$ cat entry-v1.cif   # mmCIF, C-alpha atoms
data_data
#
loop_
_atom_site.label_atom_id
_atom_site.label_comp_id
_atom_site.auth_asym_id
_atom_site.auth_seq_id
_atom_site.Cartn_x
_atom_site.Cartn_y
_atom_site.Cartn_z
CA MET A 79 115.66 89.76 103.53
CA PRO A 80 118.32 87.05 103.88
CA GLU A 81 121.47 88.26 105.61
CA GLY A 82 123.81 89.47 102.87
CA HIS A 83 127.58 89.22 102.72
CA ARG A 84 130.20 91.55 101.32
CA TRP A 85 131.60 90.44 97.99
CA GLY A 86 135.19 90.16 99.12
CA ASP A 87 138.24 91.10 97.10
CA ALA A 88 138.47 88.06 94.86
CA PHE A 89 134.93 87.44 93.56
CA PRO A 90 135.31 86.83 89.81
CA ALA A 91 133.74 88.70 86.92
CA VAL A 92 130.42 87.50 85.53
CA VAL A 93 130.88 85.22 82.52
CA ASN A 94 128.47 85.93 79.65
CA HIS A 95 128.20 85.15 75.96
CA THR A 96 126.26 87.80 74.05
CA SER A 97 124.37 91.08 74.43
CA SER A 98 120.66 91.46 75.07
CA GLY A 99 120.41 93.39 71.80
CA MET A 100 121.86 90.52 69.78
CA ALA A 101 119.71 87.93 71.56
CA ARG A 102 116.50 89.90 71.05
CA ARG A 103 117.01 89.84 67.29
CA HIS A 104 117.05 86.04 67.24
CA PRO A 105 113.73 84.55 65.93
CA ASP A 106 113.38 82.25 68.98
CA PHE A 107 113.92 84.93 71.63
CA HIS A 108 110.30 85.85 72.37
CA ALA A 109 109.10 82.25 72.53
CA ALA A 110 112.02 81.29 74.79
CA LYS A 111 111.18 84.11 77.17
CA HIS A 112 107.57 82.98 77.34
CA GLY A 113 107.73 79.26 78.08
CA ASP A 114 108.99 77.50 74.94
CA TYR A 115 111.89 75.29 76.10
CA GLU A 116 112.78 74.05 72.61
CA ALA A 117 113.05 77.64 71.39
CA ALA A 118 115.26 78.43 74.39
CA LEU A 119 117.60 75.53 73.53
CA ARG A 120 117.95 76.81 69.96
CA LEU A 121 118.62 80.33 71.23
CA VAL A 122 121.27 79.13 73.67
CA ASP A 123 122.94 76.94 71.04
CA ALA A 124 123.18 79.96 68.75
CA PHE A 125 125.15 82.12 71.18
CA VAL A 126 126.73 80.15 74.05
CA LYS A 127 130.44 79.51 73.62
CA ASP A 128 131.30 75.93 74.56
CA SER A 129 134.86 76.94 75.40
CA LYS A 130 133.59 79.15 78.23
CA ILE A 131 131.43 76.32 79.60
CA ALA A 132 134.42 73.96 79.54
CA ASP A 133 136.61 76.51 81.32
CA ILE A 134 134.04 76.96 84.12
CA ALA A 135 133.76 73.18 84.52
CA ARG A 136 137.54 72.89 84.75
CA ARG A 137 137.80 75.63 87.39
CA TYR A 138 134.85 74.46 89.54
CA PRO A 139 134.34 70.72 88.86
CA LEU A 140 132.48 70.03 92.14
CA ALA A 141 130.25 73.11 92.13
CA HIS A 142 126.47 72.77 91.86
CA VAL A 143 124.76 74.85 89.19
CA VAL A 144 121.61 76.78 90.14
CA TYR A 145 119.57 78.78 87.64
CA ASN A 146 117.04 81.54 88.20
CA HIS A 147 113.52 80.16 87.62
CA LYS A 148 111.31 83.19 87.07
CA MET A 149 108.08 84.29 85.47
CA GLN A 150 107.92 86.36 82.30
CA GLY A 151 104.40 87.72 82.29
CA GLY A 152 102.20 84.64 82.73
CA ASP A 153 104.86 82.17 81.50
CA ILE A 154 108.16 80.80 82.80
CA ASN A 155 111.28 82.27 81.21
CA MET A 156 113.05 79.19 79.78
CA ILE A 157 116.38 80.78 78.86
CA PRO A 158 118.08 80.13 82.25
CA ALA A 159 116.96 76.47 82.23
CA ALA A 160 118.21 75.98 78.67
CA TYR A 161 121.53 77.58 79.59
CA ALA A 162 121.81 75.28 82.63
CA ALA A 163 121.35 72.28 80.30
CA LYS A 164 124.73 73.15 78.76
CA PHE A 165 126.40 72.43 82.11
CA SER A 166 124.38 69.28 82.68
CA ALA A 167 125.49 68.01 79.27
CA ILE A 168 129.17 68.07 80.28
CA GLY A 169 128.52 66.29 83.57
CA MET A 170 128.11 69.08 86.11
CA THR A 171 125.45 68.84 88.82
CA VAL A 172 122.45 71.09 88.19
CA ASP A 173 120.03 71.69 91.08
CA HIS A 174 116.44 72.37 90.02
CA ASP A 175 114.73 72.86 93.39
CA ILE A 176 115.76 76.43 94.28
CA ILE A 177 113.06 78.62 92.76
CA ALA A 178 111.91 82.24 92.86
CA VAL A 179 108.67 82.69 94.78
CA THR A 180 108.06 86.35 93.94
CA ASP A 181 107.47 87.94 90.56
CA VAL A 182 109.49 91.15 90.51
CA SER A 183 110.05 91.56 86.80
CA HIS A 184 112.74 94.17 86.19
CA THR A 185 112.15 94.44 82.45
CA ASN A 186 111.81 98.17 81.62
CA ALA A 187 111.58 98.91 85.36
CA THR A 188 112.58 102.25 86.90
CA ASP A 189 115.68 102.64 89.06
CA LEU A 190 113.51 102.88 92.18
CA SER A 191 111.61 99.70 91.29
CA ARG A 192 114.77 97.73 90.59
CA ILE A 193 116.32 98.80 93.88
CA SER A 194 113.33 98.33 96.18
CA LYS A 195 111.73 95.15 94.78
CA ARG A 196 113.71 92.11 95.89
CA MET A 197 113.51 88.54 94.62
CA ARG A 198 112.65 85.88 97.24
CA PHE A 199 113.67 82.22 96.88
CA GLU A 200 112.84 78.85 98.38
CA GLY A 201 114.50 75.44 98.11
CA GLU A 202 117.18 73.26 99.61
CA VAL A 203 120.72 74.58 99.93
CA ARG A 204 123.52 72.15 100.78
CA LYS A 205 125.81 73.56 103.43
CA ASP A 206 129.51 73.97 102.62
CA THR A 207 128.79 73.33 98.93
CA ASP A 208 130.09 75.55 96.13
CA TYR A 209 127.44 77.01 93.84
CA ILE A 210 127.49 78.62 90.39
CA ILE A 211 124.50 80.89 89.69
CA LEU A 212 123.01 81.16 86.19
CA ASP A 213 120.57 83.67 84.72
CA ASP A 214 119.49 84.87 81.30
CA PHE A 215 120.80 88.46 81.41
CA ILE A 216 122.58 90.78 83.80
CA THR A 217 121.72 94.49 83.93
CA SER A 218 121.90 95.77 87.50
CA GLY A 219 122.70 92.30 88.89
CA ALA A 220 119.95 92.64 91.52
CA GLU A 221 118.42 89.19 91.01
CA LEU A 222 121.82 87.51 90.94
CA ARG A 223 122.69 89.18 94.22
CA ASP A 224 119.35 88.15 95.76
CA LEU A 225 119.96 84.51 94.83
CA ARG A 226 123.52 84.69 96.15
CA ASP A 227 122.26 86.13 99.45
CA TYR A 228 119.71 83.32 99.74
CA ILE A 229 122.27 80.56 99.11
CA GLN A 230 124.95 81.99 101.37
CA SER A 231 122.52 82.75 104.20
CA ARG A 232 121.78 79.00 104.25
CA GLY A 233 125.36 77.84 104.32
CA GLY A 234 126.21 77.55 100.63
CA ASN A 235 129.18 79.24 98.97
CA VAL A 236 128.64 81.08 95.69
CA VAL A 237 131.90 80.97 93.71
CA LEU A 238 130.81 82.30 90.31
CA MET A 239 127.97 83.91 88.38
CA THR A 240 127.37 83.43 84.67
CA THR A 241 124.63 84.69 82.38
CA PHE A 242 123.55 83.96 78.84
CA GLY A 243 123.88 87.65 77.97
CA HIS A 244 124.53 91.11 79.33
CA GLY A 245 122.64 94.38 79.45
CA SER A 246 123.86 97.87 80.21
CA PHE A 247 125.96 97.00 83.26
CA GLY A 248 126.81 93.41 82.36
CA LYS A 249 129.74 94.42 80.17
CA LEU A 250 131.62 95.67 83.22
CA GLN A 251 134.43 93.46 84.49
CA ASP A 252 133.17 93.38 88.06
CA ILE A 253 129.68 92.87 89.51
CA ARG A 254 130.79 94.11 92.94
CA ILE A 255 130.31 97.65 94.18
CA ASP A 256 133.62 99.51 94.05
CA SER A 257 135.22 101.97 96.47
CA LYS A 258 134.21 104.97 94.34
CA TYR A 259 130.51 104.23 94.70
CA ILE A 260 130.85 103.34 98.38
CA LYS A 261 132.34 106.79 99.00
CA ARG A 262 129.74 108.47 96.79
CA LEU A 263 126.80 106.84 98.60
CA ASN A 264 128.29 107.60 102.00
CA ALA A 265 128.77 111.23 100.98
CA SER A 266 125.10 111.33 99.91
CA GLY A 267 124.05 110.30 103.41
CA ILE A 268 123.09 106.70 102.55
CA THR A 269 123.81 104.35 105.46
CA ASP A 270 123.69 100.60 106.06
CA GLN A 271 120.73 101.26 108.37
CA ASP A 272 118.83 102.92 105.50
CA LEU A 273 119.39 99.94 103.22
CA ARG A 274 118.23 97.49 105.89
CA LYS A 275 115.22 99.63 106.78
CA TYR A 276 113.91 99.55 103.22
CA GLY A 277 114.84 95.92 102.59
CA ILE A 278 117.43 96.74 99.91
CA ALA A 279 120.59 95.17 101.35
CA SER A 280 122.30 94.27 104.60
CA GLU A 281 124.99 96.89 103.98
CA ILE A 282 126.44 99.05 101.23
CA GLY A 283 129.24 96.55 100.59
CA CYS A 284 126.65 93.94 99.53
CA LEU A 285 125.35 95.99 96.59
CA THR A 286 126.27 95.29 93.00
CA LEU A 287 128.00 97.92 90.92
CA GLY A 288 124.83 98.32 88.84
CA GLU A 289 122.65 98.74 91.93
CA ALA A 290 125.04 101.33 93.35
CA ALA A 291 124.92 103.30 90.10
CA ARG A 292 121.12 103.25 90.08
CA LEU A 293 120.92 104.24 93.73
CA SER A 294 123.38 107.07 93.15
CA ARG A 295 121.31 108.36 90.21
CA LEU A 296 118.17 108.18 92.31
CA VAL A 297 119.74 110.13 95.19
CA ASN A 298 121.15 112.76 92.81
CA ALA A 299 117.80 113.16 91.05
CA ARG A 300 115.99 113.71 94.35
CA ALA A 301 118.66 116.16 95.52
CA LYS A 302 118.26 118.16 92.30
CA ALA A 303 114.47 118.14 92.67
CA ALA A 304 114.76 119.37 96.27
CA ALA A 305 117.16 122.13 95.19
CA ALA A 306 114.75 123.18 92.43
CA ARG A 307 111.88 123.36 94.94
CA ARG A 308 113.96 125.52 97.30
CA SER A 309 114.93 127.82 94.44
CA ALA A 310 111.28 128.22 93.37
CA SER A 311 110.29 128.98 96.96
CA VAL A 312 112.92 131.70 97.23
CA GLN A 313 111.74 133.24 93.97
CA ARG A 314 108.11 133.28 95.16
CA THR A 315 109.14 134.94 98.42
CA CYS A 316 111.01 137.66 96.54
CA LEU A 317 108.03 138.35 94.30
CA GLU A 318 105.72 138.70 97.30
CA GLN A 319 107.90 141.42 98.95
CA PRO A 320 107.71 145.14 97.88
CA SER A 321 110.31 145.57 95.22
CA LEU A 322 112.98 148.26 95.21
CA SER A 323 111.67 149.48 91.88
CA GLY A 324 108.24 150.07 93.46
CA VAL A 325 109.76 152.13 96.26
CA ALA A 326 111.73 154.11 93.72
CA GLY A 327 108.51 154.81 91.81
CA GLU A 328 106.84 156.27 94.90
CA ILE A 329 109.81 158.59 95.43
CA SER A 330 109.79 159.73 91.83
CA ARG A 331 106.07 160.50 91.89
CA GLY A 332 106.41 162.76 95.00
CA GLY A 333 109.71 164.11 93.83
CA VAL A 334 112.70 165.01 95.93
CA GLN A 335 111.20 168.48 96.36
CA GLY A 336 108.16 166.97 98.05
CA ILE A 337 110.38 165.25 100.59
CA GLU A 338 112.25 168.52 101.22
CA ASN A 339 108.96 170.43 101.63
CA GLU A 340 107.85 167.93 104.29
CA LYS A 341 111.10 168.52 106.17
CA ILE A 342 110.67 172.36 105.97
CA ASN A 343 107.08 172.18 107.21
CA GLU A 344 108.10 170.03 110.15
CA THR A 345 110.93 172.45 111.00
CA SER A 346 108.57 175.45 110.78
CA LYS A 347 106.12 173.80 113.16
CA THR A 348 108.89 173.21 115.65
CA ILE A 349 110.12 176.85 115.53
CA ASN A 350 106.63 178.36 115.77
CA GLY A 351 105.80 176.15 118.70
CA GLY A 352 108.95 177.23 120.46
CA GLU A 353 108.27 180.93 119.91
CA GLN A 354 104.73 180.63 121.27
CA ARG A 355 105.96 178.90 124.42
CA ALA A 356 108.62 181.60 124.88
CA ALA A 357 106.02 184.42 124.58
CA LYS A 358 103.86 182.81 127.19
CA GLY A 359 106.81 182.65 129.51
CA LEU A 360 107.58 186.37 129.13
CA LYS A 361 103.97 187.31 129.88
CA ARG A 362 104.23 185.55 133.19
#
$ encode --input "entry-v1.cif" --output "structure tokens"
Amino acid sequence: MPEGHRWGDAFPAVVNHTSSGMARRHPDFHAAKHGDYEAALRLVDAFVKDSKIADIARRYPLAHVVYNHKMQGGDINMIPAAYAAKFSAIGMTVDHDIIAVTDVSHTNATDLSRISKRMRFEGEVRKDTDYIILDDFITSGAELRDLRDYIQSRGGNVVLMTTFGHGSFGKLQDIRIDSKYIKRLNASGITDQDLRKYGIASEIGCLTLGEAARLSRLVNARAKAAAARRSASVQRTCLEQPSLSGVAGEISRGGVQGIENEKINETSKTINGGEQRAAKGLKR
């Protein structure tokens, strides 16, 4: 994994234009996801707000735009490239040579899969250059964070992230992990060493808010499963031991009188034995 960096206090919110639900209902969505660039341009034109593009260009006029090339099944997802064309059209520099070299599709993936499978990138990064990262949608933000880590580990400076649309976590105002989740993960026993060991992140402060939420759910689910296993084990142990009701049944079958009779018989044996020993002593 590239060396990651904490987000810092001032990293801006992700800029997006629509929801994944709205985009999926567009007639060009499927074709755009599976290699049709013209369909992707029509999709982007239908939803992207030019005022947001102009505002980004005004705030970061010298930044280079990089988009997430990635596979969708056996085809290249063209939505990020079509979205990048919007920035090229107003004169911003778009770099095309940073590409994903692993296929870790997160569509319909489990929390564990999204957390553990990381995107790897190759391509030239210009040192001391500002970069804006583009993608089609943001859900957990994992792929955006992977691309940011790659660029910054090679001397670039990521100043903004923007996506065509948002998923479940993309509507949040901040992509960065917050203090609440940092405390929650620390309390669960998750350490920076754990994240590095499993290739998830360099430290907890590098995670996105969506990743932290998924990791927290995963830890809680495993803790509940472990507690359920312990509870079942205790119940099995109790069933294997003689129950109090069984002991009570044995007493009731013999009756209290039976127990008293045993005590009387034992007492009688003791007295008789003592009398016999005394008689023998007198005879001597």
$ closest_residue --input "entry-v1.cif" --among "A:Asn94, A:Ile177, A:Ser194, A:Arg300" --to "Thr217 in chain A" --atoms "only C-alpha atoms"
A:Asn94
$ atom_distance --input "entry-v1.cif" --atom1 "CA of Val122 in chain A" --atom2 "CA of Ala290 in chain A"
29.9 Å
$ residues_around --input "entry-v1.cif" --residues "Ala159 in chain A" --least-positions-apart "4" --cutoff "8 Å" --atoms "only C-alpha atoms" --output "list in words"
Tyr145, Asn146, His147 and Ala163 of chain A
$ resolve_selection --input "entry-v1.cif" --expression "the PyMOL selection byres ((chain A and resi 278) around 12)" --output "MDAnalysis selection string"
chainID A and resid 79:82 190:197 220:221 223:224 227 268:277 279:286 289:290 293
$ write_last_selection --input "entry-v1.cif" --atoms "C-alpha atoms" --output "CSV table (one decimal), in the coordinates of the input"
chain,number,residue,atom,x,y,z
A,79,MET,CA,115.7,89.8,103.5
A,80,PRO,CA,118.3,87.0,103.9
A,81,GLU,CA,121.5,88.3,105.6
A,82,GLY,CA,123.8,89.5,102.9
A,190,LEU,CA,113.5,102.9,92.2
A,191,SER,CA,111.6,99.7,91.3
A,192,ARG,CA,114.8,97.7,90.6
A,193,ILE,CA,116.3,98.8,93.9
A,194,SER,CA,113.3,98.3,96.2
A,195,LYS,CA,111.7,95.2,94.8
A,196,ARG,CA,113.7,92.1,95.9
A,197,MET,CA,113.5,88.5,94.6
A,220,ALA,CA,120.0,92.6,91.5
A,221,GLU,CA,118.4,89.2,91.0
A,223,ARG,CA,122.7,89.2,94.2
A,224,ASP,CA,119.4,88.2,95.8
A,227,ASP,CA,122.3,86.1,99.4
A,268,ILE,CA,123.1,106.7,102.6
A,269,THR,CA,123.8,104.4,105.5
A,270,ASP,CA,123.7,100.6,106.1
A,271,GLN,CA,120.7,101.3,108.4
A,272,ASP,CA,118.8,102.9,105.5
A,273,LEU,CA,119.4,99.9,103.2
A,274,ARG,CA,118.2,97.5,105.9
A,275,LYS,CA,115.2,99.6,106.8
A,276,TYR,CA,113.9,99.6,103.2
A,277,GLY,CA,114.8,95.9,102.6
A,279,ALA,CA,120.6,95.2,101.4
A,280,SER,CA,122.3,94.3,104.6
A,281,GLU,CA,125.0,96.9,104.0
A,282,ILE,CA,126.4,99.0,101.2
A,283,GLY,CA,129.2,96.6,100.6
A,284,CYS,CA,126.6,93.9,99.5
A,285,LEU,CA,125.4,96.0,96.6
A,286,THR,CA,126.3,95.3,93.0
A,289,GLU,CA,122.6,98.7,91.9
A,290,ALA,CA,125.0,101.3,93.4
A,293,LEU,CA,120.9,104.2,93.7
$ closest_residue --input "entry-v1.cif" --among "A:Lys127, A:Arg307, A:Arg204, A:His108" --to "Val236 in chain A" --atoms "all atoms listed in the file"
A:Arg204
$ atom_distance --input "entry-v1.cif" --atom1 "CA of Arg254 in chain A" --atom2 "CA of Ser218 in chain A"
10.6 Å
$ atom_distance --input "entry-v1.cif" --atom1 "CA of Phe215 in chain A" --atom2 "CA of Gly245 in chain A"
6.5 Å
$ resolve_selection --input "entry-v1.cif" --expression "the PyMOL selection byres ((chain A and resi 130) around 12)" --output "list in words"
Val92, Val93, Asn94, His95, Phe125, Val126, Lys127, Asp128, Ser129, Ile131, Ala132, Asp133, Ile134, Ala135, Arg136, Arg137, Lys164, Phe165, Thr240, Thr241 and Phe242 of chain A
$ axis_aligned_box --input "entry-v1.cif" --around "range 215-223 of chain A" --padding-each-side "8 Å" --output "AutoDock Vina command-line options"
--center_x 120.6 --center_y 91.6 --center_z 87.8 --size_x 20.3 --size_y 24.3 --size_z 28.8
$ residues_near_point --input "entry-v1.cif" --point "(128.0, 80.4, 97.5)" --cutoff "7 Å" --atoms "all atoms listed in the file" --output "list in words"
Asp208, Tyr209, Arg226, Ile229, Gln230, Gly234, Asn235, Val236 and Val237 of chain A
$ resolve_selection --input "entry-v1.cif" --expression "the PyMOL selection byres ((chain A and resi 200) around 8)" --output "PDB file with C-alpha atoms, in the coordinates of the input"
ATOM      1  CA  ILE A 176     115.760  76.430  94.280  1.00  0.00           C
ATOM      2  CA  ILE A 177     113.060  78.620  92.760  1.00  0.00           C
ATOM      3  CA  ALA A 178     111.910  82.240  92.860  1.00  0.00           C
ATOM      4  CA  VAL A 179     108.670  82.690  94.780  1.00  0.00           C
ATOM      5  CA  ARG A 198     112.650  85.880  97.240  1.00  0.00           C
ATOM      6  CA  PHE A 199     113.670  82.220  96.880  1.00  0.00           C
ATOM      7  CA  GLY A 201     114.500  75.440  98.110  1.00  0.00           C
ATOM      8  CA  GLU A 202     117.180  73.260  99.610  1.00  0.00           C
TER       9      GLU A 202
END
$ closest_residue --input "entry-v1.cif" --among "A:Ala88, A:Ala110, A:Met239, A:Ile253" --to "Ala141 in chain A" --atoms "only C-alpha atoms"
A:Met239
$ decode --input "entry-v1.cif" --residues "range 261-273 of chain A" --atoms "all heavy atoms" --output "mmCIF file, in the first residue's frame"
data_model
loop_
_atom_site.group_PDB
_atom_site.id
_atom_site.type_symbol
_atom_site.label_atom_id
_atom_site.label_comp_id
_atom_site.auth_asym_id
_atom_site.auth_seq_id
_atom_site.Cartn_x
_atom_site.Cartn_y
_atom_site.Cartn_z
ATOM 1 N N LYS A 261 -12.703 7.362 18.035
ATOM 2 C CA LYS A 261 -12.856 6.870 19.405
ATOM 3 C C LYS A 261 -13.542 5.506 19.423
ATOM 4 O O LYS A 261 -13.174 4.624 20.200
ATOM 5 C CB LYS A 261 -13.667 7.875 20.230
ATOM 6 C CG LYS A 261 -12.939 9.190 20.493
ATOM 7 C CD LYS A 261 -13.821 10.154 21.271
ATOM 8 C CE LYS A 261 -13.115 11.481 21.516
ATOM 9 N NZ LYS A 261 -14.004 12.449 22.219
ATOM 10 N N ARG A 262 -14.538 5.329 18.567
ATOM 11 C CA ARG A 262 -15.280 4.067 18.536
ATOM 12 C C ARG A 262 -14.386 2.905 18.093
ATOM 13 O O ARG A 262 -14.409 1.826 18.690
ATOM 14 C CB ARG A 262 -16.477 4.196 17.596
ATOM 15 C CG ARG A 262 -17.388 2.978 17.582
ATOM 16 C CD ARG A 262 -18.597 3.209 16.702
ATOM 17 N NE ARG A 262 -19.431 4.291 17.198
ATOM 18 C CZ ARG A 262 -20.542 4.702 16.591
ATOM 19 N NH1 ARG A 262 -20.924 4.121 15.469
ATOM 20 N NH2 ARG A 262 -21.249 5.682 17.099
ATOM 21 N N LEU A 263 -13.568 3.132 17.084
ATOM 22 C CA LEU A 263 -12.669 2.074 16.599
ATOM 23 C C LEU A 263 -11.577 1.782 17.622
ATOM 24 O O LEU A 263 -11.212 0.624 17.827
ATOM 25 C CB LEU A 263 -12.062 2.477 15.258
ATOM 26 C CG LEU A 263 -13.049 2.564 14.086
ATOM 27 C CD1 LEU A 263 -12.342 3.049 12.830
ATOM 28 C CD2 LEU A 263 -13.712 1.218 13.828
ATOM 29 N N ASN A 264 -11.057 2.824 18.251
ATOM 30 C CA ASN A 264 -10.052 2.602 19.296
ATOM 31 C C ASN A 264 -10.637 1.801 20.450
ATOM 32 O O ASN A 264 -9.985 0.900 20.987
ATOM 33 C CB ASN A 264 -9.523 3.949 19.809
ATOM 34 C CG ASN A 264 -8.567 4.617 18.836
ATOM 35 O OD1 ASN A 264 -7.900 3.940 18.066
ATOM 36 N ND2 ASN A 264 -8.493 5.934 18.865
ATOM 37 N N ALA A 265 -11.873 2.122 20.832
ATOM 38 C CA ALA A 265 -12.525 1.396 21.924
ATOM 39 C C ALA A 265 -12.787 -0.058 21.558
ATOM 40 O O ALA A 265 -12.835 -0.934 22.431
ATOM 41 C CB ALA A 265 -13.835 2.076 22.302
ATOM 42 N N SER A 266 -12.937 -0.340 20.251
ATOM 43 C CA SER A 266 -13.156 -1.707 19.787
ATOM 44 C C SER A 266 -11.873 -2.509 19.693
ATOM 45 O O SER A 266 -11.906 -3.702 19.382
ATOM 46 C CB SER A 266 -13.838 -1.690 18.414
ATOM 47 O OG SER A 266 -15.083 -1.029 18.481
ATOM 48 N N GLY A 267 -10.737 -1.851 19.950
ATOM 49 C CA GLY A 267 -9.454 -2.547 19.914
ATOM 50 C C GLY A 267 -8.740 -2.472 18.577
ATOM 51 O O GLY A 267 -7.698 -3.100 18.390
ATOM 52 N N ILE A 268 -9.295 -1.714 17.605
ATOM 53 C CA ILE A 268 -8.648 -1.553 16.306
ATOM 54 C C ILE A 268 -7.468 -0.595 16.453
ATOM 55 O O ILE A 268 -7.611 0.490 17.019
ATOM 56 C CB ILE A 268 -9.638 -1.007 15.264
ATOM 57 C CG1 ILE A 268 -10.818 -1.964 15.096
ATOM 58 C CG2 ILE A 268 -8.935 -0.796 13.924
ATOM 59 C CD1 ILE A 268 -10.442 -3.318 14.583
ATOM 60 N N THR A 269 -6.311 -0.972 15.929
ATOM 61 C CA THR A 269 -5.117 -0.142 16.022
ATOM 62 C C THR A 269 -4.578 0.179 14.624
ATOM 63 O O THR A 269 -4.945 -0.463 13.636
ATOM 64 C CB THR A 269 -4.007 -0.851 16.816
ATOM 65 O OG1 THR A 269 -3.569 -2.017 16.086
ATOM 66 C CG2 THR A 269 -4.512 -1.288 18.189
ATOM 67 N N ASP A 270 -3.685 1.169 14.567
ATOM 68 C CA ASP A 270 -3.019 1.481 13.306
ATOM 69 C C ASP A 270 -2.249 0.269 12.794
ATOM 70 O O ASP A 270 -2.199 0.012 11.586
ATOM 71 C CB ASP A 270 -2.051 2.658 13.494
ATOM 72 C CG ASP A 270 -2.768 3.958 13.832
ATOM 73 O OD1 ASP A 270 -3.983 4.042 13.584
ATOM 74 O OD2 ASP A 270 -2.105 4.883 14.339
ATOM 75 N N GLN A 271 -1.649 -0.489 13.715
ATOM 76 C CA GLN A 271 -0.894 -1.685 13.332
ATOM 77 C C GLN A 271 -1.796 -2.712 12.653
ATOM 78 O O GLN A 271 -1.398 -3.360 11.679
ATOM 79 C CB GLN A 271 -0.214 -2.305 14.561
ATOM 80 C CG GLN A 271 0.946 -1.496 15.128
ATOM 81 C CD GLN A 271 0.498 -0.295 15.952
ATOM 82 O OE1 GLN A 271 -0.687 -0.164 16.267
ATOM 83 N NE2 GLN A 271 1.426 0.570 16.289
ATOM 84 N N ASP A 272 -3.030 -2.857 13.152
ATOM 85 C CA ASP A 272 -3.982 -3.789 12.530
ATOM 86 C C ASP A 272 -4.289 -3.373 11.095
ATOM 87 O O ASP A 272 -4.317 -4.212 10.178
ATOM 88 C CB ASP A 272 -5.289 -3.830 13.331
ATOM 89 C CG ASP A 272 -5.123 -4.442 14.707
ATOM 90 O OD1 ASP A 272 -4.252 -5.308 14.858
ATOM 91 O OD2 ASP A 272 -5.851 -4.028 15.624
ATOM 92 N N LEU A 273 -4.516 -2.092 10.894
ATOM 93 C CA LEU A 273 -4.864 -1.604 9.559
ATOM 94 C C LEU A 273 -3.703 -1.787 8.588
ATOM 95 O O LEU A 273 -3.912 -2.148 7.424
ATOM 96 C CB LEU A 273 -5.267 -0.130 9.630
ATOM 97 C CG LEU A 273 -6.507 0.196 10.471
ATOM 98 C CD1 LEU A 273 -6.818 1.686 10.404
ATOM 99 C CD2 LEU A 273 -7.715 -0.602 10.018
#
